[in-house]
Amino acid sequence: MGETLLEREKDHPQEVVAERDGRRIIIMDSARWVDERNTDRDVVLPASYIGVLPARMCAIHRPRGVIGHDACVGKDGAGIAGLWYLEALGIPAATADGMSVEMGNGRDLYDNGLISHVNYHAEILGVSVGMPVREAAELLRDTELADTTVGNKIRREIVEEFEGRRTVVTDSIVWALPEDARRSVMVTAGHTGRSGAKFLLEADPWAFICHDGGMSKNDSGIVGLRTAEGAGLAGACIDGRTAPIGDAFRGYQEGLISACNGPARDRGVAIGMPVARAAHLLLVGGE
C-alpha cells in the first residue's frame, strides 16, 4: 500500500514561518521536502542549492516562489542553474550567498541569508542582490507576478545624458527605439557578429557597445565592428570574460572593453577600459 501524505510529512519536515492572507513562507532543509502541500500559495525556502535537479523537485509542485542556497555558485554555475529552469516555468526564484548561510539549514537561510542571484521573475517583483532573504520571501509572497510577455521583459535605463544625447543600457540592440537614432550610445549585451551588425545599422545609434560573444571562431563575435566602422559608426565590445552575454546591466557595471573600431578609438576608447568609462567617452566625443 502506498504511503499517505501524513506519513510523508514525518519525513518531509516543513515550518511555516510567516503567513498573510492565506499565503505562506515555508522553510525546510532540503528541496526533497517540497511536496504536494506546497501549492501556488507558498514561497518555499529549501536550503538546498538551486541547481537544475533541486529546481525540478520544487517545480513539479508549482510553488509561488523559491529561495535556496547558491552553493557558492561553483563550476559551470551549477549551484544556481536552476534559477533559469524555474524562470522558464514562470516561477520567481533566488539564491542566498553561500557565505551568508549554511547549506541544509532552512532556519539559517531565512534568518541570516543575503540574496546573491535572482531570476527575471523575482527581479521584476523587487528582489535584488544583497537583500535579506526574509525580505525577499515577503516580496514573493505579497506581490503578484504580472503578465510576462516579451514586451514586459525589456529592461531599459538611461544612465547618462550630455547635450541632448544619452547613454541607454538595454539587453539587446533590437530593443533600440526610433528616438535612439543618431542620439543614443546603446550599451547592449548581444553579440557583435554579422547579424548583430545588421541590427546596429538599422538602429543607427550615436555609438554602441555590444558583447564580444567570447570572440568565437575567426573572431566572428566582433566582426560587426568592421561593418559599423565602414558606416562611420563608433563601437566597442564587452569582454566576455568580464561580464555575461545577454545582461547589459552587468556589462555596463562590471565589463571591460575587449575590442573597438577606429571611430571609437578616435573618441578615446581603449582595450581594457571599463565599459562605463568607454560609454561616457562615446557619449561626449572624447575628453
# chains A, B, ... in the order shown; residues from 1 in each chain; ligands from 1
$ residues_around --residues "region 38-42 of chain A" --least-positions-apart "3" --cutoff "10 Å" --atoms "only C-alpha atoms" --output "JSON, numbers by chain"
{"A": [14, 16, 19, 20, 21, 22, 23, 24, 25, 26, 33, 34, 35, 45, 58, 60, 61, 62, 63, 64, 65, 66, 91, 137, 140, 141, 142]}
$ write_last_selection --atoms "N, CA and C atoms" --output "mmCIF file, in the first residue's frame"
data_model
loop_
_atom_site.group_PDB
_atom_site.id
_atom_site.type_symbol
_atom_site.label_atom_id
_atom_site.label_comp_id
_atom_site.auth_asym_id
_atom_site.auth_seq_id
_atom_site.Cartn_x
_atom_site.Cartn_y
_atom_site.Cartn_z
ATOM 1 N N GLN A 14 8.527 20.556 7.391
ATOM 2 C CA GLN A 14 8.431 21.925 6.911
ATOM 3 C C GLN A 14 7.980 22.803 8.066
ATOM 4 N N VAL A 16 6.172 26.591 8.761
ATOM 5 C CA VAL A 16 5.583 27.849 8.294
ATOM 6 C C VAL A 16 6.098 28.957 9.206
ATOM 7 N N GLU A 19 2.774 33.979 7.536
ATOM 8 C CA GLU A 19 1.569 33.762 6.741
ATOM 9 C C GLU A 19 0.804 35.066 6.641
ATOM 10 N N ARG A 20 0.246 35.308 5.457
ATOM 11 C CA ARG A 20 -0.539 36.523 5.253
ATOM 12 C C ARG A 20 -1.564 36.254 4.164
ATOM 13 N N ASP A 21 -2.813 36.521 4.466
ATOM 14 C CA ASP A 21 -3.904 36.352 3.507
ATOM 15 C C ASP A 21 -3.887 34.963 2.863
ATOM 16 N N GLY A 22 -3.577 33.968 3.662
ATOM 17 C CA GLY A 22 -3.579 32.597 3.172
ATOM 18 C C GLY A 22 -2.315 32.176 2.452
ATOM 19 N N ARG A 23 -1.385 33.106 2.250
ATOM 20 C CA ARG A 23 -0.116 32.788 1.593
ATOM 21 C C ARG A 23 0.965 32.589 2.660
ATOM 22 N N ARG A 24 1.865 31.645 2.386
ATOM 23 C CA ARG A 24 2.794 31.239 3.431
ATOM 24 C C ARG A 24 4.251 31.298 2.955
ATOM 25 N N ILE A 25 5.147 31.534 3.920
ATOM 26 C CA ILE A 25 6.580 31.341 3.718
ATOM 27 C C ILE A 25 6.974 30.111 4.530
ATOM 28 N N ILE A 26 7.583 29.157 3.850
ATOM 29 C CA ILE A 26 7.861 27.866 4.482
ATOM 30 C C ILE A 26 9.340 27.539 4.339
ATOM 31 N N TRP A 33 12.091 17.997 0.242
ATOM 32 C CA TRP A 33 10.933 18.078 1.122
ATOM 33 C C TRP A 33 9.848 19.018 0.615
ATOM 34 N N VAL A 34 10.044 19.644 -0.528
ATOM 35 C CA VAL A 34 8.939 20.341 -1.187
ATOM 36 C C VAL A 34 8.007 19.259 -1.732
ATOM 37 N N ASP A 35 6.712 19.374 -1.424
ATOM 38 C CA ASP A 35 5.788 18.329 -1.869
ATOM 39 C C ASP A 35 4.421 18.912 -2.185
ATOM 40 N N LEU A 45 11.438 27.871 0.968
ATOM 41 C CA LEU A 45 12.839 28.189 1.205
ATOM 42 C C LEU A 45 13.586 26.913 1.574
ATOM 43 N N CYS A 58 11.347 21.156 -6.897
ATOM 44 C CA CYS A 58 10.430 22.229 -6.499
ATOM 45 C C CYS A 58 9.355 22.452 -7.552
ATOM 46 N N ILE A 60 7.829 20.765 -9.839
ATOM 47 C CA ILE A 60 6.720 19.832 -10.075
ATOM 48 C C ILE A 60 5.509 20.172 -9.218
ATOM 49 N N HIS A 61 5.727 20.863 -8.091
ATOM 50 C CA HIS A 61 4.628 21.218 -7.189
ATOM 51 C C HIS A 61 4.161 22.665 -7.373
ATOM 52 N N ARG A 62 4.789 23.400 -8.280
ATOM 53 C CA ARG A 62 4.365 24.750 -8.661
ATOM 54 C C ARG A 62 4.204 25.701 -7.469
ATOM 55 N N PRO A 63 5.257 25.883 -6.650
ATOM 56 C CA PRO A 63 5.136 26.853 -5.558
ATOM 57 C C PRO A 63 5.084 28.279 -6.094
ATOM 58 N N ARG A 64 4.705 29.195 -5.224
ATOM 59 C CA ARG A 64 4.601 30.607 -5.595
ATOM 60 C C ARG A 64 5.978 31.211 -5.862
ATOM 61 N N GLY A 65 6.977 30.746 -5.142
ATOM 62 C CA GLY A 65 8.343 31.231 -5.309
ATOM 63 C C GLY A 65 9.300 30.296 -4.607
ATOM 64 N N VAL A 66 10.576 30.415 -4.950
ATOM 65 C CA VAL A 66 11.613 29.555 -4.385
ATOM 66 C C VAL A 66 12.835 30.405 -4.050
ATOM 67 N N ILE A 91 8.254 30.695 -12.572
ATOM 68 C CA ILE A 91 8.341 30.677 -11.104
ATOM 69 C C ILE A 91 9.448 31.615 -10.642
ATOM 70 N N ALA A 137 11.586 36.950 0.597
ATOM 71 C CA ALA A 137 10.497 35.988 0.698
ATOM 72 C C ALA A 137 9.155 36.691 0.872
ATOM 73 N N LEU A 140 8.012 37.972 -2.534
ATOM 74 C CA LEU A 140 7.467 36.899 -3.361
ATOM 75 C C LEU A 140 6.098 36.456 -2.865
ATOM 76 N N ARG A 141 5.886 36.509 -1.574
ATOM 77 C CA ARG A 141 4.589 36.137 -1.003
ATOM 78 C C ARG A 141 3.511 37.171 -1.299
ATOM 79 N N ASP A 142 3.864 38.463 -1.216
ATOM 80 C CA ASP A 142 2.846 39.512 -1.206
ATOM 81 C C ASP A 142 2.616 40.192 -2.551
#
$ residues_around --residues "Ala236 (chain A)" --least-positions-apart "4" --cutoff "10 Å" --atoms "only C-alpha atoms" --output "count of residues only"
28
$ select_by_dssp --residues "region 1-239 of chain A" --states "helix (DSSP H, G or I)" --output "ChimeraX atom specification"
/A:5-11,31-33,52-59,75-77,82-88,106-112,120-124,133-142,150-153,173-175,178-180,194-203,217-219,224-230
$ select_by_dssp --residues "region 7-255 of chain A" --states "strand (DSSP E)" --output "mmCIF file with N, CA, C and O atoms, in the first residue's frame"
data_model
loop_
_atom_site.group_PDB
_atom_site.id
_atom_site.type_symbol
_atom_site.label_atom_id
_atom_site.label_comp_id
_atom_site.auth_asym_id
_atom_site.auth_seq_id
_atom_site.Cartn_x
_atom_site.Cartn_y
_atom_site.Cartn_z
ATOM 1 N N GLU A 15 8.380 24.068 8.041
ATOM 2 C CA GLU A 15 7.960 25.007 9.076
ATOM 3 C C GLU A 15 7.417 26.264 8.429
ATOM 4 O O GLU A 15 8.103 26.903 7.630
ATOM 5 N N VAL A 16 6.172 26.591 8.761
ATOM 6 C CA VAL A 16 5.583 27.849 8.294
ATOM 7 C C VAL A 16 6.098 28.957 9.206
ATOM 8 O O VAL A 16 5.834 28.961 10.398
ATOM 9 N N VAL A 17 6.856 29.906 8.633
ATOM 10 C CA VAL A 17 7.452 30.969 9.444
ATOM 11 C C VAL A 17 6.708 32.284 9.327
ATOM 12 O O VAL A 17 6.907 33.187 10.144
ATOM 13 N N ALA A 18 5.885 32.425 8.305
ATOM 14 C CA ALA A 18 5.100 33.651 8.140
ATOM 15 C C ALA A 18 3.915 33.351 7.242
ATOM 16 O O ALA A 18 4.022 32.565 6.297
ATOM 17 N N GLU A 19 2.774 33.979 7.536
ATOM 18 C CA GLU A 19 1.569 33.762 6.741
ATOM 19 C C GLU A 19 0.804 35.066 6.641
ATOM 20 O O GLU A 19 0.731 35.844 7.601
ATOM 21 N N ARG A 20 0.246 35.308 5.457
ATOM 22 C CA ARG A 20 -0.539 36.523 5.253
ATOM 23 C C ARG A 20 -1.564 36.254 4.164
ATOM 24 O O ARG A 20 -1.214 35.805 3.075
ATOM 25 N N ARG A 23 -1.385 33.106 2.250
ATOM 26 C CA ARG A 23 -0.116 32.788 1.593
ATOM 27 C C ARG A 23 0.965 32.589 2.660
ATOM 28 O O ARG A 23 0.996 33.307 3.655
ATOM 29 N N ARG A 24 1.865 31.645 2.386
ATOM 30 C CA ARG A 24 2.794 31.239 3.431
ATOM 31 C C ARG A 24 4.251 31.298 2.955
ATOM 32 O O ARG A 24 4.542 31.109 1.778
ATOM 33 N N ILE A 25 5.147 31.534 3.920
ATOM 34 C CA ILE A 25 6.580 31.341 3.718
ATOM 35 C C ILE A 25 6.974 30.111 4.530
ATOM 36 O O ILE A 25 6.707 30.058 5.736
ATOM 37 N N ILE A 26 7.583 29.157 3.850
ATOM 38 C CA ILE A 26 7.861 27.866 4.482
ATOM 39 C C ILE A 26 9.340 27.539 4.339
ATOM 40 O O ILE A 26 9.899 27.604 3.231
ATOM 41 N N ILE A 27 9.981 27.203 5.453
ATOM 42 C CA ILE A 27 11.387 26.824 5.418
ATOM 43 C C ILE A 27 11.525 25.315 5.564
ATOM 44 O O ILE A 27 10.685 24.641 6.174
ATOM 45 N N MET A 28 12.587 24.786 4.982
ATOM 46 C CA MET A 28 12.892 23.361 5.077
ATOM 47 C C MET A 28 14.374 23.183 4.752
ATOM 48 O O MET A 28 14.998 24.066 4.149
ATOM 49 N N ASP A 42 2.422 29.135 -1.626
ATOM 50 C CA ASP A 42 3.598 29.015 -0.777
ATOM 51 C C ASP A 42 4.875 29.502 -1.452
ATOM 52 O O ASP A 42 5.171 29.138 -2.595
ATOM 53 N N VAL A 43 5.643 30.309 -0.711
ATOM 54 C CA VAL A 43 7.029 30.587 -1.068
ATOM 55 C C VAL A 43 7.873 29.617 -0.256
ATOM 56 O O VAL A 43 7.836 29.637 0.973
ATOM 57 N N VAL A 44 8.592 28.744 -0.949
ATOM 58 C CA VAL A 44 9.371 27.715 -0.262
ATOM 59 C C VAL A 44 10.837 28.125 -0.192
ATOM 60 O O VAL A 44 11.396 28.647 -1.152
ATOM 61 N N LEU A 45 11.438 27.871 0.968
ATOM 62 C CA LEU A 45 12.839 28.189 1.205
ATOM 63 C C LEU A 45 13.586 26.913 1.574
ATOM 64 O O LEU A 45 13.839 26.627 2.752
ATOM 65 N N PRO A 46 13.929 26.089 0.582
ATOM 66 C CA PRO A 46 14.714 24.885 0.856
ATOM 67 C C PRO A 46 16.196 25.246 0.885
ATOM 68 O O PRO A 46 16.686 25.964 0.009
ATOM 69 N N GLY A 65 6.977 30.746 -5.142
ATOM 70 C CA GLY A 65 8.343 31.231 -5.309
ATOM 71 C C GLY A 65 9.300 30.296 -4.607
ATOM 72 O O GLY A 65 8.899 29.481 -3.774
ATOM 73 N N VAL A 66 10.576 30.415 -4.950
ATOM 74 C CA VAL A 66 11.613 29.555 -4.385
ATOM 75 C C VAL A 66 12.835 30.405 -4.050
ATOM 76 O O VAL A 66 13.277 31.218 -4.874
ATOM 77 N N ILE A 67 13.374 30.225 -2.839
ATOM 78 C CA ILE A 67 14.660 30.808 -2.482
ATOM 79 C C ILE A 67 15.497 29.711 -1.846
ATOM 80 O O ILE A 67 15.051 29.059 -0.889
ATOM 81 N N GLY A 68 16.694 29.488 -2.372
ATOM 82 C CA GLY A 68 17.564 28.459 -1.842
ATOM 83 C C GLY A 68 18.983 28.975 -1.657
ATOM 84 O O GLY A 68 19.226 30.178 -1.569
ATOM 85 N N HIS A 69 19.923 28.038 -1.628
ATOM 86 C CA HIS A 69 21.343 28.297 -1.395
ATOM 87 C C HIS A 69 22.062 28.317 -2.736
ATOM 88 O O HIS A 69 21.681 27.600 -3.659
ATOM 89 N N ALA A 93 12.403 32.985 -8.508
ATOM 90 C CA ALA A 93 13.365 32.245 -7.695
ATOM 91 C C ALA A 93 14.616 33.070 -7.461
ATOM 92 O O ALA A 93 14.979 33.932 -8.273
ATOM 93 N N ALA A 94 15.276 32.780 -6.343
ATOM 94 C CA ALA A 94 16.512 33.473 -5.992
ATOM 95 C C ALA A 94 17.370 32.530 -5.154
ATOM 96 O O ALA A 94 16.905 31.478 -4.688
ATOM 97 N N THR A 95 18.635 32.923 -4.978
ATOM 98 C CA THR A 95 19.526 32.161 -4.105
ATOM 99 C C THR A 95 20.156 33.087 -3.083
ATOM 100 O O THR A 95 20.296 34.291 -3.314
ATOM 101 N N ALA A 96 20.570 32.484 -1.979
ATOM 102 C CA ALA A 96 21.308 33.200 -0.949
ATOM 103 C C ALA A 96 22.799 32.946 -1.116
ATOM 104 O O ALA A 96 23.221 31.867 -1.546
ATOM 105 N N ILE A 115 20.574 37.726 -0.414
ATOM 106 C CA ILE A 115 20.348 37.307 -1.801
ATOM 107 C C ILE A 115 21.608 37.536 -2.644
ATOM 108 O O ILE A 115 22.220 38.604 -2.602
ATOM 109 N N SER A 116 21.966 36.510 -3.438
ATOM 110 C CA SER A 116 23.140 36.603 -4.306
ATOM 111 C C SER A 116 22.777 36.621 -5.783
ATOM 112 O O SER A 116 23.473 37.249 -6.588
ATOM 113 N N HIS A 117 21.713 35.907 -6.184
ATOM 114 C CA HIS A 117 21.319 35.835 -7.587
ATOM 115 C C HIS A 117 19.801 35.735 -7.665
ATOM 116 O O HIS A 117 19.162 35.156 -6.783
ATOM 117 N N VAL A 118 19.229 36.284 -8.735
ATOM 118 C CA VAL A 118 17.779 36.250 -8.923
ATOM 119 C C VAL A 118 17.463 35.898 -10.371
ATOM 120 O O VAL A 118 18.265 36.161 -11.275
ATOM 121 N N ARG A 156 15.395 48.635 -19.762
ATOM 122 C CA ARG A 156 15.957 49.792 -20.453
ATOM 123 C C ARG A 156 16.133 50.924 -19.451
ATOM 124 O O ARG A 156 15.206 51.247 -18.703
ATOM 125 N N GLU A 157 17.318 51.520 -19.431
ATOM 126 C CA GLU A 157 17.579 52.609 -18.490
ATOM 127 C C GLU A 157 18.522 53.622 -19.125
ATOM 128 O O GLU A 157 19.545 53.251 -19.720
ATOM 129 N N ILE A 158 18.185 54.905 -19.011
ATOM 130 C CA ILE A 158 19.087 55.980 -19.414
ATOM 131 C C ILE A 158 20.013 56.253 -18.240
ATOM 132 O O ILE A 158 19.566 56.604 -17.145
ATOM 133 N N VAL A 159 21.333 56.090 -18.438
ATOM 134 C CA VAL A 159 22.287 56.191 -17.335
ATOM 135 C C VAL A 159 23.108 57.475 -17.370
ATOM 136 O O VAL A 159 23.748 57.833 -16.376
ATOM 137 N N GLU A 160 23.112 58.181 -18.511
ATOM 138 C CA GLU A 160 23.867 59.434 -18.602
ATOM 139 C C GLU A 160 23.298 60.266 -19.748
ATOM 140 O O GLU A 160 22.863 59.706 -20.767
ATOM 141 N N GLU A 161 23.331 61.590 -19.597
ATOM 142 C CA GLU A 161 22.874 62.490 -20.645
ATOM 143 C C GLU A 161 23.905 63.599 -20.860
ATOM 144 O O GLU A 161 24.580 64.021 -19.916
ATOM 145 N N PHE A 162 24.020 64.045 -22.121
ATOM 146 C CA PHE A 162 25.001 65.076 -22.441
ATOM 147 C C PHE A 162 24.578 65.780 -23.721
ATOM 148 O O PHE A 162 24.463 65.170 -24.784
ATOM 149 N N ARG A 165 22.120 64.234 -26.014
ATOM 150 C CA ARG A 165 22.343 62.811 -26.243
ATOM 151 C C ARG A 165 22.272 62.067 -24.913
ATOM 152 O O ARG A 165 22.254 62.674 -23.843
ATOM 153 N N ARG A 166 22.223 60.719 -24.989
ATOM 154 C CA ARG A 166 22.158 59.947 -23.747
ATOM 155 C C ARG A 166 22.756 58.563 -23.965
ATOM 156 O O ARG A 166 22.883 58.084 -25.091
ATOM 157 N N THR A 167 23.140 57.938 -22.860
ATOM 158 C CA THR A 167 23.587 56.547 -22.870
ATOM 159 C C THR A 167 22.447 55.685 -22.361
ATOM 160 O O THR A 167 21.911 55.924 -21.271
ATOM 161 N N VAL A 168 22.071 54.703 -23.168
ATOM 162 C CA VAL A 168 20.956 53.818 -22.843
ATOM 163 C C VAL A 168 21.493 52.398 -22.650
ATOM 164 O O VAL A 168 22.214 51.880 -23.510
ATOM 165 N N VAL A 169 21.151 51.790 -21.528
ATOM 166 C CA VAL A 169 21.510 50.396 -21.273
ATOM 167 C C VAL A 169 20.270 49.534 -21.479
ATOM 168 O O VAL A 169 19.224 49.772 -20.848
ATOM 169 N N THR A 170 20.350 48.578 -22.379
ATOM 170 C CA THR A 170 19.260 47.630 -22.621
ATOM 171 C C THR A 170 19.878 46.340 -23.139
ATOM 172 O O THR A 170 20.965 46.360 -23.722
ATOM 173 N N SER A 184 21.630 58.144 -29.218
ATOM 174 C CA SER A 184 21.950 57.342 -28.036
ATOM 175 C C SER A 184 23.200 56.500 -28.224
ATOM 176 O O SER A 184 23.429 55.920 -29.287
ATOM 177 N N VAL A 185 23.998 56.427 -27.162
ATOM 178 C CA VAL A 185 25.016 55.389 -27.055
ATOM 179 C C VAL A 185 24.307 54.168 -26.493
ATOM 180 O O VAL A 185 23.812 54.201 -25.361
ATOM 181 N N MET A 186 24.208 53.107 -27.289
ATOM 182 C CA MET A 186 23.482 51.918 -26.879
ATOM 183 C C MET A 186 24.456 50.905 -26.273
ATOM 184 O O MET A 186 25.331 50.380 -26.965
ATOM 185 N N VAL A 187 24.322 50.663 -24.982
ATOM 186 C CA VAL A 187 25.108 49.628 -24.314
ATOM 187 C C VAL A 187 24.215 48.399 -24.201
ATOM 188 O O VAL A 187 23.215 48.406 -23.473
ATOM 189 N N THR A 188 24.532 47.384 -24.971
ATOM 190 C CA THR A 188 23.695 46.197 -25.037
ATOM 191 C C THR A 188 24.535 44.959 -24.766
ATOM 192 O O THR A 188 25.743 45.051 -24.555
ATOM 193 N N ALA A 189 23.908 43.784 -24.802
ATOM 194 C CA ALA A 189 24.636 42.568 -24.439
ATOM 195 C C ALA A 189 24.465 41.449 -25.443
ATOM 196 O O ALA A 189 24.722 40.290 -25.141
ATOM 197 N N GLY A 190 23.995 41.769 -26.642
ATOM 198 C CA GLY A 190 24.025 40.797 -27.716
ATOM 199 C C GLY A 190 25.404 40.784 -28.360
ATOM 200 O O GLY A 190 26.224 41.674 -28.128
ATOM 201 N N HIS A 191 25.681 39.796 -29.195
ATOM 202 C CA HIS A 191 26.999 39.703 -29.828
ATOM 203 C C HIS A 191 27.149 40.767 -30.911
ATOM 204 O O HIS A 191 26.180 41.383 -31.362
ATOM 205 N N ALA A 207 26.427 55.781 -31.016
ATOM 206 C CA ALA A 207 27.533 54.840 -30.861
ATOM 207 C C ALA A 207 26.978 53.615 -30.148
ATOM 208 O O ALA A 207 25.817 53.603 -29.715
ATOM 209 N N PHE A 208 27.809 52.582 -30.013
ATOM 210 C CA PHE A 208 27.313 51.361 -29.363
ATOM 211 C C PHE A 208 28.436 50.630 -28.644
ATOM 212 O O PHE A 208 29.623 50.779 -28.969
ATOM 213 N N ILE A 209 28.033 49.867 -27.658
ATOM 214 C CA ILE A 209 28.892 48.854 -27.044
ATOM 215 C C ILE A 209 28.062 47.588 -26.944
ATOM 216 O O ILE A 209 27.002 47.583 -26.301
ATOM 217 N N CYS A 210 28.495 46.527 -27.596
ATOM 218 C CA CYS A 210 27.828 45.232 -27.529
ATOM 219 C C CYS A 210 28.792 44.202 -26.936
ATOM 220 O O CYS A 210 29.888 44.552 -26.511
ATOM 221 N N HIS A 211 28.422 42.946 -26.928
ATOM 222 C CA HIS A 211 29.237 41.882 -26.334
ATOM 223 C C HIS A 211 30.104 41.241 -27.404
ATOM 224 O O HIS A 211 29.758 41.259 -28.593
ATOM 225 N N ALA A 234 30.752 54.478 -34.459
ATOM 226 C CA ALA A 234 31.707 54.136 -33.407
ATOM 227 C C ALA A 234 31.160 53.007 -32.551
ATOM 228 O O ALA A 234 30.001 53.042 -32.126
ATOM 229 N N GLY A 235 32.018 52.005 -32.288
ATOM 230 C CA GLY A 235 31.553 50.891 -31.486
ATOM 231 C C GLY A 235 32.666 50.147 -30.781
ATOM 232 O O GLY A 235 33.840 50.221 -31.174
ATOM 233 N N ALA A 236 32.294 49.420 -29.743
ATOM 234 C CA ALA A 236 33.239 48.634 -28.957
ATOM 235 C C ALA A 236 32.531 47.390 -28.437
ATOM 236 O O ALA A 236 31.307 47.252 -28.567
ATOM 237 N N CYS A 237 33.321 46.497 -27.853
ATOM 238 C CA CYS A 237 32.779 45.225 -27.370
ATOM 239 C C CYS A 237 33.123 44.987 -25.905
ATOM 240 O O CYS A 237 34.210 45.340 -25.442
ATOM 241 N N ILE A 238 32.190 44.350 -25.215
ATOM 242 C CA ILE A 238 32.385 43.927 -23.832
ATOM 243 C C ILE A 238 33.119 42.594 -23.826
ATOM 244 O O ILE A 238 32.734 41.658 -24.528
#
$ atom_distance --atom1 "CA of Met57 (chain A)" --atom2 "CA of Cys72 (chain A)"
20.2 Å
$ atom_distance --atom1 "CA of Leu145 (chain A)" --atom2 "CA of Leu125 (chain A)"
6.8 Å
$ atom_distance --atom1 "CA of Val223 (chain A)" --atom2 "CA of Phe199 (chain A)"
13.2 Å
$ closest_residue --among "A:Val73, A:Ile173, A:Ile124, A:Ala55" --to "Ala248 (chain A)" --atoms "only C-alpha atoms"
A:Ile173
$ residues_around --residues "Arg250 (chain A)" --least-positions-apart "4" --cutoff "10 Å" --atoms "only C-alpha atoms" --output "number ranges by chain"
A: 169, 171, 189, 242-246, 254-255, 275
$ closest_residue --among "A:Gly214, A:Arg155, A:Ser220, A:Asp204" --to "Phe249 (chain A)" --atoms "only C-alpha atoms"
A:Arg155
$ closest_residue --among "A:Ala47, A:Val127, A:Leu139, A:Ala146" --to "Gly98 (chain A)" --atoms "only C-alpha atoms"
A:Ala47
